[in-house]
>>> print(open('target_13.txt').read())   # compact mmCIF, C-alpha atoms and all ligand atoms
# COMPACT_ATOMS: atom_id res chain seq x y z
CA MET I 29 101.72 78.50 94.77
CA GLY I 30 102.26 81.49 97.00
CA GLN I 31 102.74 85.05 95.91
CA ALA I 32 106.46 85.03 96.59
CA ALA I 33 106.84 81.90 94.53
CA LEU I 34 104.82 83.45 91.76
CA GLY I 35 107.05 86.48 91.80
CA THR I 36 110.48 85.03 92.50
CA ARG I 37 110.92 81.43 91.58
CA GLN I 38 112.10 82.24 88.08
CA GLY I 39 115.36 83.97 87.30
CA ALA I 40 115.44 87.72 87.04
CA SER I 41 115.28 87.79 83.26
CA ARG I 42 112.25 85.49 83.16
CA ALA I 43 110.64 87.48 85.95
CA ALA I 44 111.12 90.70 84.01
CA ALA I 45 108.82 89.36 81.29
CA ARG I 46 105.98 88.54 83.68
CA GLN I 47 102.85 90.63 83.62
CA ASP I 48 101.99 92.23 86.96
CA LEU I 49 98.28 91.53 87.19
CA LEU I 50 97.74 94.31 89.74
CA GLY I 51 98.69 96.96 87.20
CA LEU I 52 95.82 96.09 84.86
CA THR I 53 92.29 97.42 84.77
CA ARG I 54 89.54 94.84 84.32
CA GLN I 55 89.32 95.65 80.63
CA GLU I 56 93.09 95.29 80.24
CA LEU I 57 93.04 91.98 82.10
CA GLU I 58 90.30 90.73 79.77
CA ALA I 59 92.45 91.73 76.79
CA TRP I 60 95.48 90.03 78.36
CA ALA I 61 93.49 86.83 78.85
CA GLU I 62 92.47 86.96 75.20
CA ALA I 63 96.09 87.44 74.18
CA GLN I 64 96.86 84.21 76.05
CA GLY I 65 94.22 82.39 73.99
CA GLU I 66 91.45 82.51 76.62
CA ALA I 67 88.00 84.05 76.52
CA ALA I 68 87.81 87.63 77.80
CA TYR I 69 85.59 86.64 80.72
CA ARG I 70 88.49 84.60 82.16
CA GLY I 71 90.26 87.91 82.69
CA ARG I 72 87.24 89.17 84.60
CA GLN I 73 87.33 86.03 86.76
CA VAL I 74 91.01 86.64 87.54
CA PHE I 75 90.17 90.27 88.40
CA LYS I 76 87.57 89.05 90.90
CA TRP I 77 90.00 86.59 92.45
CA LEU I 78 92.57 89.33 92.89
CA TYR I 79 90.31 91.86 94.55
CA GLN I 80 87.14 90.28 95.85
CA LYS I 81 88.77 87.16 97.28
CA ARG I 82 92.20 88.78 97.58
CA GLY I 83 93.74 85.64 96.18
CA SER I 84 97.49 85.36 95.74
CA ASP I 85 97.70 81.75 94.59
CA PRO I 86 96.31 81.10 91.09
CA GLY I 87 96.75 77.39 91.73
CA ALA I 88 93.77 77.62 94.09
CA TRP I 89 91.50 79.61 91.76
CA SER I 90 88.98 76.85 91.34
CA ASN I 91 86.87 78.28 88.50
CA ILE I 92 89.92 78.93 86.30
CA PRO I 93 90.82 76.05 83.93
CA ARG I 94 93.97 74.18 84.85
CA ALA I 95 95.72 75.18 81.61
CA PHE I 96 95.10 78.91 82.23
CA ARG I 97 96.29 78.51 85.82
CA GLY I 98 99.51 77.18 84.32
CA VAL I 99 99.75 80.23 82.05
CA LEU I 100 99.25 82.50 85.04
CA ALA I 101 101.99 80.69 86.96
CA GLU I 102 104.33 80.96 83.99
CA ARG I 103 103.66 84.47 82.70
CA ALA I 104 102.09 86.54 85.45
CA ALA I 105 102.92 87.88 88.90
CA ILE I 106 101.04 89.62 91.67
CA GLY I 107 103.34 92.40 92.77
CA ARG I 108 101.94 93.37 96.15
CA PRO I 109 104.33 95.56 98.14
CA ALA I 110 105.93 93.60 100.99
CA LEU I 111 105.60 94.62 104.63
CA VAL I 112 109.05 95.51 105.91
CA ARG I 113 108.32 97.21 109.19
CA GLU I 114 105.30 98.33 111.18
CA GLU I 115 104.98 101.00 113.84
CA VAL I 116 101.88 101.38 115.98
CA SER I 117 100.85 104.71 117.45
CA ARG I 118 99.32 105.26 120.86
CA ASP I 119 96.12 106.25 119.03
CA GLY I 120 95.94 103.00 117.04
CA THR I 121 97.29 104.42 113.78
CA ARG I 122 99.63 101.95 112.08
CA LYS I 123 102.44 103.01 109.77
CA PHE I 124 103.99 100.51 107.38
CA LEU I 125 107.29 100.61 105.59
CA LEU I 126 106.72 98.73 102.34
CA GLY I 127 109.30 97.25 100.00
CA LEU I 128 108.85 97.43 96.24
CA GLY I 129 110.27 95.01 93.69
CA ASP I 130 113.28 97.17 92.79
CA GLY I 131 114.24 97.69 96.44
CA GLU I 132 112.60 101.13 96.71
CA ARG I 133 110.74 101.80 99.96
CA ILE I 134 107.54 103.71 100.61
CA GLU I 135 105.27 104.29 103.59
CA SER I 136 101.52 103.76 103.95
CA VAL I 137 99.27 104.28 106.95
CA LEU I 138 96.17 102.59 108.35
CA ILE I 139 94.00 104.94 110.38
CA PRO I 140 91.18 103.43 112.45
CA ASP I 141 88.31 105.67 113.43
CA GLU I 142 85.00 104.81 115.03
CA ASP I 143 83.21 103.45 112.00
CA ARG I 144 85.88 103.56 109.37
CA LEU I 145 89.30 102.23 108.53
CA THR I 146 91.21 104.53 106.21
CA ALA I 147 94.18 103.48 104.10
CA CYS I 148 96.47 106.44 103.41
CA ILE I 149 98.56 105.42 100.42
CA SER I 150 101.46 106.83 98.44
CA SER I 151 101.59 107.71 94.75
CA GLN I 152 105.33 108.33 94.45
CA ALA I 153 108.47 107.23 96.25
CA GLY I 154 109.47 110.60 97.68
CA CYS I 155 108.32 113.87 96.15
CA ALA I 156 109.83 116.62 94.03
CA LEU I 157 107.65 119.51 95.16
CA GLU I 158 109.45 120.62 98.33
CA CYS I 159 106.58 121.99 100.38
CA GLY I 160 108.23 123.69 103.32
CA PHE I 161 106.14 121.95 105.98
CA CYS I 162 106.45 118.38 104.67
CA LEU I 163 109.12 115.82 105.47
CA THR I 164 108.46 113.82 102.30
CA GLY I 165 109.67 116.84 100.34
CA LEU I 166 113.08 116.47 102.01
CA MET I 167 113.55 113.10 100.31
CA GLY I 168 113.36 114.38 96.76
CA LEU I 169 111.65 112.26 94.15
CA LYS I 170 112.92 108.70 93.75
CA ARG I 171 110.35 107.61 91.19
CA ASN I 172 106.67 107.37 90.32
CA LEU I 173 104.76 104.33 91.53
CA GLY I 174 103.12 102.09 88.96
CA PRO I 175 99.37 101.46 89.11
CA GLY I 176 99.95 97.99 90.57
CA GLU I 177 102.12 99.44 93.33
CA ILE I 178 99.38 101.95 94.20
CA VAL I 179 96.59 99.36 94.19
CA GLY I 180 98.86 96.82 95.88
CA GLN I 181 99.26 99.07 98.93
CA VAL I 182 95.54 98.77 99.61
CA LEU I 183 95.72 94.97 99.36
CA THR I 184 98.79 94.81 101.60
CA LEU I 185 97.18 97.09 104.20
CA GLN I 186 93.92 95.12 104.05
CA GLY I 187 95.97 91.97 104.67
CA ALA I 188 97.49 93.61 107.75
CA ALA I 189 94.16 94.82 109.14
CA ALA I 190 92.69 93.15 112.19
CA PRO I 191 90.51 90.10 111.51
CA GLY I 192 87.07 91.24 110.39
CA ALA I 193 88.19 94.81 109.75
CA ARG I 194 87.78 96.12 106.21
CA VAL I 195 89.48 99.11 104.68
CA SER I 196 86.52 101.42 104.11
CA HIS I 197 88.16 104.62 102.81
CA ILE I 198 91.21 105.44 100.74
CA VAL I 199 93.10 108.71 100.76
CA LEU I 200 95.95 109.50 98.39
CA MET I 201 97.72 111.63 100.96
CA GLY I 202 100.84 109.54 101.55
CA MET I 203 104.13 110.14 99.84
CA GLY I 204 104.09 112.09 96.61
CA GLU I 205 101.87 114.34 94.55
CA PRO I 206 99.24 112.13 92.87
CA LEU I 207 98.59 114.49 89.96
CA ALA I 208 102.31 114.50 89.10
CA ASN I 209 101.85 110.78 88.35
CA PHE I 210 98.49 111.21 86.70
CA GLY I 211 98.37 108.27 84.27
CA ASN I 212 99.28 105.64 86.85
CA VAL I 213 97.07 107.17 89.53
CA GLU I 214 94.11 107.37 87.18
CA ARG I 215 94.51 103.71 86.24
CA ALA I 216 94.83 102.71 89.91
CA LEU I 217 91.65 104.64 90.73
CA ARG I 218 89.78 102.91 87.91
CA ILE I 219 90.82 99.55 89.39
CA LEU I 220 89.98 100.51 92.98
CA THR I 221 86.52 101.80 92.07
CA ASP I 222 85.61 98.93 89.72
CA PRO I 223 82.52 97.11 91.11
CA ASP I 224 83.93 93.82 89.76
CA GLY I 225 87.11 94.46 91.73
CA PRO I 226 87.79 96.26 95.02
CA GLY I 227 84.53 98.17 94.47
CA PHE I 228 85.31 101.27 96.53
CA SER I 229 82.65 103.92 96.07
CA PRO I 230 84.27 107.08 94.62
CA ARG I 231 82.70 108.88 97.59
CA ARG I 232 85.09 106.97 99.83
CA VAL I 233 88.21 107.78 97.85
CA THR I 234 89.99 111.12 98.19
CA LEU I 235 92.80 112.47 96.07
CA SER I 236 94.81 115.22 97.70
CA THR I 237 96.87 117.62 95.60
CA VAL I 238 98.93 120.74 96.15
CA GLY I 239 97.21 122.19 93.12
CA LEU I 240 98.64 121.08 89.78
CA VAL I 241 96.04 122.87 87.69
CA PRO I 242 96.32 120.77 84.49
CA GLY I 243 96.02 117.63 86.64
CA ILE I 244 92.87 118.94 88.33
CA ARG I 245 91.38 119.56 84.89
CA ARG I 246 92.34 116.04 83.74
CA LEU I 247 90.84 114.57 86.89
CA ALA I 248 87.64 116.53 86.24
CA ALA I 249 87.52 115.19 82.68
CA SER I 250 88.24 111.61 83.76
CA GLY I 251 84.75 111.14 85.19
CA LEU I 252 86.20 109.28 88.18
CA GLN I 253 84.24 111.45 90.64
CA VAL I 254 86.55 110.76 93.57
CA ASN I 255 86.74 113.41 96.28
CA LEU I 256 89.16 116.25 95.71
CA ALA I 257 91.26 117.77 98.48
CA ILE I 258 93.50 120.77 97.91
CA SER I 259 96.43 121.54 100.16
CA LEU I 260 96.23 125.34 100.35
CA SER I 261 98.08 126.62 103.44
CA GLY I 262 98.51 130.17 102.22
CA THR I 263 96.30 133.13 101.41
CA THR I 264 98.55 135.28 99.21
CA ASP I 265 100.77 134.23 96.33
CA GLU I 266 103.80 135.65 98.11
CA GLN I 267 103.10 133.71 101.31
CA ARG I 268 102.02 130.48 99.61
CA GLY I 269 104.91 130.64 97.16
CA ARG I 270 107.35 130.71 100.08
CA LEU I 271 105.70 127.68 101.70
CA MET I 272 104.84 125.78 98.53
CA PRO I 273 107.05 126.43 95.50
CA VAL I 274 104.34 124.94 93.24
CA ASN I 275 102.41 128.19 93.75
CA ARG I 276 104.91 130.03 91.54
CA ARG I 277 103.78 127.85 88.66
CA TYR I 278 100.09 127.69 89.52
CA PRO I 279 99.19 130.79 91.55
CA LEU I 280 96.09 131.05 93.70
CA GLU I 281 93.90 132.65 91.05
CA ALA I 282 94.54 129.83 88.54
CA LEU I 283 94.16 127.15 91.21
CA LEU I 284 90.89 128.48 92.58
CA ALA I 285 89.52 128.99 89.06
CA ALA I 286 90.14 125.28 88.39
CA CYS I 287 88.35 124.48 91.66
CA ARG I 288 85.37 126.62 90.70
CA GLU I 289 85.11 124.76 87.41
CA TYR I 290 85.51 121.33 89.00
CA PRO I 291 82.34 119.29 88.26
CA LEU I 292 81.30 118.35 91.79
CA PRO I 293 78.59 115.70 92.08
CA PRO I 294 75.52 116.80 94.10
CA ARG I 295 76.03 117.13 97.86
CA ARG I 296 79.80 116.92 97.54
CA ARG I 297 82.34 119.54 98.47
CA ILE I 298 86.00 120.20 97.78
CA THR I 299 88.11 119.93 100.91
CA PHE I 300 90.79 122.55 101.44
CA GLU I 301 93.57 121.51 103.79
CA TYR I 302 95.20 124.40 105.64
CA VAL I 303 98.30 123.63 107.71
CA LEU I 304 98.53 126.23 110.46
CA MET I 305 102.02 127.45 111.35
CA ASP I 306 102.67 129.79 114.20
CA ARG I 307 102.81 133.42 112.98
CA VAL I 308 103.42 132.28 109.43
CA ASN I 309 99.91 131.86 108.00
CA ASP I 310 97.61 131.90 111.02
CA SER I 311 96.64 135.56 111.47
CA ALA I 312 93.09 136.91 111.60
CA GLU I 313 93.85 138.62 108.30
CA ASP I 314 94.77 135.22 106.78
CA ALA I 315 91.49 133.74 108.01
CA ARG I 316 89.50 136.64 106.54
CA ARG I 317 91.38 136.43 103.23
CA LEU I 318 90.75 132.70 103.09
CA THR I 319 86.99 133.14 103.41
CA VAL I 320 87.09 135.63 100.54
CA LEU I 321 89.25 133.38 98.36
CA LEU I 322 86.86 130.45 98.79
CA ARG I 323 83.74 132.42 97.99
CA GLY I 324 81.63 130.65 95.38
CA ILE I 325 83.27 127.25 95.88
CA ARG I 326 81.24 124.46 97.49
CA CYS I 327 83.83 123.49 100.07
CA LYS I 328 84.90 122.83 103.61
CA VAL I 329 88.22 123.59 105.25
CA ASN I 330 90.29 121.28 107.40
CA LEU I 331 92.55 123.19 109.77
CA LEU I 332 95.62 121.16 110.63
CA PRO I 333 98.07 122.50 113.19
CA LEU I 334 101.53 121.69 111.78
CA ASN I 335 102.95 118.33 112.76
CA GLU I 336 106.12 119.49 114.40
CA SER I 337 109.51 118.01 113.61
CA PRO I 338 113.07 119.09 114.38
CA LEU I 339 113.65 118.80 110.64
CA LEU I 340 111.19 121.62 109.87
CA PRO I 341 111.71 125.35 110.44
CA PHE I 342 108.13 126.07 111.56
CA ARG I 343 106.15 125.63 114.77
CA PRO I 344 102.51 124.60 115.03
CA SER I 345 100.01 127.34 115.78
CA PRO I 346 98.96 127.32 119.43
CA ARG I 347 95.45 126.06 120.11
CA GLN I 348 94.16 129.54 120.89
CA ARG I 349 95.20 130.85 117.46
CA VAL I 350 93.79 127.78 115.74
CA GLU I 351 90.42 128.31 117.41
CA ALA I 352 90.46 132.03 116.63
CA PHE I 353 91.21 131.19 112.98
CA GLN I 354 88.30 128.78 112.90
CA LYS I 355 85.95 131.33 114.48
CA THR I 356 86.85 133.96 111.88
CA MET I 357 86.19 131.46 109.12
CA HIS I 358 82.81 130.56 110.55
CA GLU I 359 81.94 134.27 110.80
CA GLY I 360 82.86 134.53 107.13
CA GLY I 361 80.43 131.74 106.31
CA VAL I 362 82.95 128.94 105.65
CA THR I 363 82.77 125.57 107.41
CA ALA I 364 86.12 124.87 109.04
CA THR I 365 87.01 121.85 111.15
CA ILE I 366 90.05 121.49 113.37
CA ARG I 367 91.59 118.10 112.60
CA GLU I 368 93.39 116.28 115.32
CA SER I 369 96.69 114.82 114.27
CA ARG I 370 96.80 111.02 113.98
CA GLY I 371 99.91 108.92 114.45
CA HIS I 372 102.20 111.84 115.31
CA ASP I 373 104.27 109.75 117.74
CA ILE I 374 105.29 107.41 114.91
CA SER I 375 105.72 110.14 112.27
CA ALA I 376 102.64 108.86 110.47
CA ALA I 377 100.70 112.13 110.51
CA CYS I 378 100.15 114.39 107.51
CA GLY I 379 103.42 115.54 105.96
CA MET I 380 105.55 113.28 108.16
CA LEU I 381 106.14 110.28 105.88
CA HIS I 382 109.79 110.24 104.97
CA ASN I 383 111.36 106.79 105.52
CA ALA I 384 113.56 108.39 108.16
CA SER I 385 115.63 105.35 108.93
CA GLU I 386 116.07 104.66 105.22
CA GLN I 387 117.18 108.19 104.46
CA GLY I 388 119.64 108.58 107.28
CA LEU I 389 117.35 111.18 108.85
CA PRO I 390 116.90 111.09 112.61
CA LEU I 391 113.86 109.21 113.87
CA GLU I 392 111.93 110.99 116.56
CA ALA I 393 112.06 109.58 120.04
CA ASN I 394 109.19 107.15 120.18
CA PRO I 395 109.25 105.16 123.38
CA ALA I 396 105.54 104.48 123.55
CA SER I 397 104.97 103.22 120.08
CA GLY I 398 105.43 99.61 119.10
CA GLU I 399 107.73 98.77 116.23
CA LYS I 400 108.39 95.42 114.65
CA ALA I 401 110.13 94.09 111.61
CA LEU I 402 107.99 92.08 109.20
CA ASP I 403 108.62 90.15 106.01
CA THR I 404 111.67 90.69 103.93
CA PRO I 405 110.67 92.48 100.76
CA GLN I 406 109.93 90.16 97.94
CA ALA I 407 111.02 90.54 94.41
CA SER I 408 108.32 91.78 92.20
CA PRO I 409 107.70 90.38 88.78
S1 LIG I 501 102.95 118.06 100.81
FE1 LIG I 501 102.66 116.55 99.17
S2 LIG I 501 103.38 117.66 97.34
FE2 LIG I 501 104.20 118.78 99.09
S3 LIG I 501 106.26 117.90 99.42
FE3 LIG I 501 104.81 116.79 100.73
S4 LIG I 501 104.23 114.98 99.52
FE4 LIG I 501 105.11 116.48 98.10
>>> encode(input="target_13.txt", output="structure tokens")
Amino acid sequence: MGQAALGTRQGASRAAARQDLLGLTRQELEAWAEAQGEAAYRGRQVFKWLYQKRGSDPGAWSNIPRAFRGVLAERAAIGRPALVREEVSRDGTRKFLLGLGDGERIESVLIPDEDRLTACISSQAGCALECGFCLTGLMGLKRNLGPGEIVGQVLTLQGAAAPGARVSHIVLMGMGEPLANFGNVERALRILTDPDGPGFSPRRVTLSTVGLVPGIRRLAASGLQVNLAISLSGTTDEQRGRLMPVNRRYPLEALLAACREYPLPPRRRITFEYVLMDRVNDSAEDARRLTVLLRGIRCKVNLLPLNESPLLPFRPSPRQRVEAFQKTMHEGGVTATIRESRGHDISAACGMLHNASEQGLPLEANPASGEKALDTPQASP
């Protein structure tokens, strides 16, 4: 039985009662198996089938008793997001439009680099936080993603990867603010880092936030030990508040205090992302202030010239100013790296995910990139 059959062959009301297996941690799946009259370890076996063998057909799960396979077919679903459309950048970055069970659409990105393949995944459909340099913010928030929809993106992207290629890193830098959907994101991270499941080392998973201070504290207390990235992009409250309204709620002092208290494992650093906009936040004074702000925090800074769009009111900093900014930071004793944009020609770069065609927003001219339609979205459980 294929995944679509598992998810769609029953009527909508029956389907609504099905348990999406991807939304459950291993412990929850063990409890669910017990609730179906099976031993807990059967749940662990199902967990391994889902993530280690990436199985989508319980009928083929050979170490699961026939009767339990029948229960799975009757009462469960595997709600992987469906590939709707793919665009391929000149640099090899691949952006996917994914369809969710209720018809909502999100975007995820696969970024190949020499020795790694990074899945950039979304935590919300749209975003409510309205950062001035981000196209996702223009969409508004549609809804939070469930844990299965977050985990499912990784499975769907892995399925789309070239033969033999394995997703090696995960970044929650797609659509949405992960800490605004903390419960579902936390559960998804527990699944993704479970050695009996996908088994991603926390060192290879990065959560990026604009700085929701209570969420940073909850992440610290969770013990998940994934990497933390903070989108900063401003060096005074007045400046950052104009670019990122969230700063009015959690100003720099509170944000950086939470970063100082963050329990970093040995040899790890917090990453600060700084989007450089021409004559907005890229002065020598900004660079000097930034080095002072970050004093006492084990960190590195990624400098990202703005990904330009006709929909945004800012321009990227010219290369000369970017390099001058970096030099000032180095002189102030802070490691700063200039990050090259990936997938800009297909609007897959940082801050550019926005389902343009779905939102009625203009797509950028993109003659060199490949685009193709894929499956029709399947109903989820
Ligand atoms: S940068 Fe992140 S938090 Fe800000 S609008 Fe974009 S998706 Fe939302």
>>> atom_distance(input="target_13.txt", atom1="CA of Val74 (chain I)", atom2="CA of Ser250 (chain I)")
25.4 Å
>>> closest_residue(input="target_13.txt", among="I:Gly160, I:Gly227, I:Gly176, I:Pro344", to="Met305 (chain I)", atoms="only C-alpha atoms")
I:Pro344
>>> axis_aligned_box(input="target_13.txt", around="ligand LIG 501 (chain I)", padding_each_side="4 Å", output="JSON")
{"center_x": 104.5, "center_y": 116.9, "center_z": 99.1, "size_x": 11.6, "size_y": 11.8, "size_z": 11.5}
>>> residues_near_ligand(input="target_13.txt", ligand="ligand LIG 501 (chain I)", cutoff="6 Å", atoms="all atoms listed in the file", output="mmCIF file with C-alpha atoms, in the frame of the given file")
data_model
loop_
_atom_site.group_PDB
_atom_site.id
_atom_site.type_symbol
_atom_site.label_atom_id
_atom_site.label_comp_id
_atom_site.auth_asym_id
_atom_site.auth_seq_id
_atom_site.Cartn_x
_atom_site.Cartn_y
_atom_site.Cartn_z
ATOM 1 C CA CYS I 155 108.320 113.870 96.150
ATOM 2 C CA LEU I 157 107.650 119.510 95.160
ATOM 3 C CA GLU I 158 109.450 120.620 98.330
ATOM 4 C CA CYS I 159 106.580 121.990 100.380
ATOM 5 C CA CYS I 162 106.450 118.380 104.670
ATOM 6 C CA THR I 164 108.460 113.820 102.300
ATOM 7 C CA GLY I 165 109.670 116.840 100.340
ATOM 8 C CA MET I 203 104.130 110.140 99.840
ATOM 9 C CA GLY I 204 104.090 112.090 96.610
ATOM 10 C CA GLU I 205 101.870 114.340 94.550
ATOM 11 C CA VAL I 238 98.930 120.740 96.150
ATOM 12 C CA GLY I 379 103.420 115.540 105.960
#
>>> atom_distance(input="target_13.txt", atom1="CA of Ile298 (chain I)", atom2="CA of Pro175 (chain I)")
24.6 Å
>>> closest_residue(input="target_13.txt", among="I:Gln354, I:Thr365, I:Ser345, I:Thr146", to="His197 (chain I)", atoms="all atoms listed in the file")
I:Thr146
>>> closest_residue(input="target_13.txt", among="I:Phe210, I:Asn172, I:Ala95, I:Gln253", to="Gly65 (chain I)", atoms="all atoms listed in the file")
I:Ala95
>>> closest_residue(input="target_13.txt", among="I:Phe353, I:Ser259, I:Leu322, I:Ile219", to="Glu281 (chain I)", atoms="all atoms listed in the file")
I:Leu322
>>> closest_residue(input="target_13.txt", among="I:Gly225, I:Gly262, I:Gly361, I:Pro291", to="Glu313 (chain I)", atoms="only C-alpha atoms")
I:Gly262
>>> residues_around(input="target_13.txt", residues="Arg370 (chain I)", least_positions_apart="2", cutoff="9 Å", atoms="all atoms listed in the file", output="PyMOL selection string")
chain I and resi 117+119-121+139+367-368+372-373+376-378
>>> closest_atom_pairs(input="target_13.txt", of="region 191-230 of chain I", to="region 42-61 of chain I", cutoff="8 Å", atoms="only C-alpha atoms", output="JSON lines")
{"residue": "I:Arg215", "atom": "CA", "partner": "I:Thr53", "partner_atom": "CA", "distance": 6.8}
{"residue": "I:Ala216", "atom": "CA", "partner": "I:Gly51", "partner_atom": "CA", "distance": 7.4}
{"residue": "I:Arg218", "atom": "CA", "partner": "I:Thr53", "partner_atom": "CA", "distance": 6.8}
{"residue": "I:Ile219", "atom": "CA", "partner": "I:Thr53", "partner_atom": "CA", "distance": 5.3}
{"residue": "I:Asp222", "atom": "CA", "partner": "I:Arg54", "partner_atom": "CA", "distance": 7.8}
{"residue": "I:Asp224", "atom": "CA", "partner": "I:Arg54", "partner_atom": "CA", "distance": 7.9}
{"residue": "I:Gly225", "atom": "CA", "partner": "I:Arg54", "partner_atom": "CA", "distance": 7.8}
>>> closest_residue(input="target_13.txt", among="I:Arg82, I:Ala249, I:Arg94, I:Gly174", to="Asn212 (chain I)", atoms="only C-alpha atoms")
I:Gly174
>>> atom_distance(input="target_13.txt", atom1="CA of Lys76 (chain I)", atom2="CA of Leu125 (chain I)")
27.2 Å
>>> residues_around(input="target_13.txt", residues="Leu163 (chain I)", least_positions_apart="3", cutoff="8 Å", atoms="only C-alpha atoms", output="PDB file with C-alpha atoms, keeping the file's coordinate frame")
ATOM      1  CA  LEU I 166     113.080 116.470 102.010  1.00  0.00           C
ATOM      2  CA  MET I 167     113.550 113.100 100.310  1.00  0.00           C
ATOM      3  CA  LEU I 339     113.650 118.800 110.640  1.00  0.00           C
ATOM      4  CA  LEU I 340     111.190 121.620 109.870  1.00  0.00           C
ATOM      5  CA  GLY I 379     103.420 115.540 105.960  1.00  0.00           C
ATOM      6  CA  MET I 380     105.550 113.280 108.160  1.00  0.00           C
ATOM      7  CA  LEU I 381     106.140 110.280 105.880  1.00  0.00           C
ATOM      8  CA  HIS I 382     109.790 110.240 104.970  1.00  0.00           C
TER       9      HIS I 382
END
>>> residues_around(input="target_13.txt", residues="Glu289 (chain I)", least_positions_apart="4", cutoff="12 Å", atoms="all atoms listed in the file", output="mmCIF file with C-alpha atoms, in the frame of the given file")
data_model
loop_
_atom_site.group_PDB
_atom_site.id
_atom_site.type_symbol
_atom_site.label_atom_id
_atom_site.label_comp_id
_atom_site.auth_asym_id
_atom_site.auth_seq_id
_atom_site.Cartn_x
_atom_site.Cartn_y
_atom_site.Cartn_z
ATOM 1 C CA VAL I 241 96.040 122.870 87.690
ATOM 2 C CA ILE I 244 92.870 118.940 88.330
ATOM 3 C CA ARG I 245 91.380 119.560 84.890
ATOM 4 C CA ARG I 246 92.340 116.040 83.740
ATOM 5 C CA LEU I 247 90.840 114.570 86.890
ATOM 6 C CA ALA I 248 87.640 116.530 86.240
ATOM 7 C CA ALA I 249 87.520 115.190 82.680
ATOM 8 C CA ALA I 282 94.540 129.830 88.540
ATOM 9 C CA LEU I 283 94.160 127.150 91.210
ATOM 10 C CA LEU I 284 90.890 128.480 92.580
ATOM 11 C CA ALA I 285 89.520 128.990 89.060
ATOM 12 C CA ILE I 298 86.000 120.200 97.780
ATOM 13 C CA GLY I 324 81.630 130.650 95.380
ATOM 14 C CA ILE I 325 83.270 127.250 95.880
ATOM 15 C CA ARG I 326 81.240 124.460 97.490
#
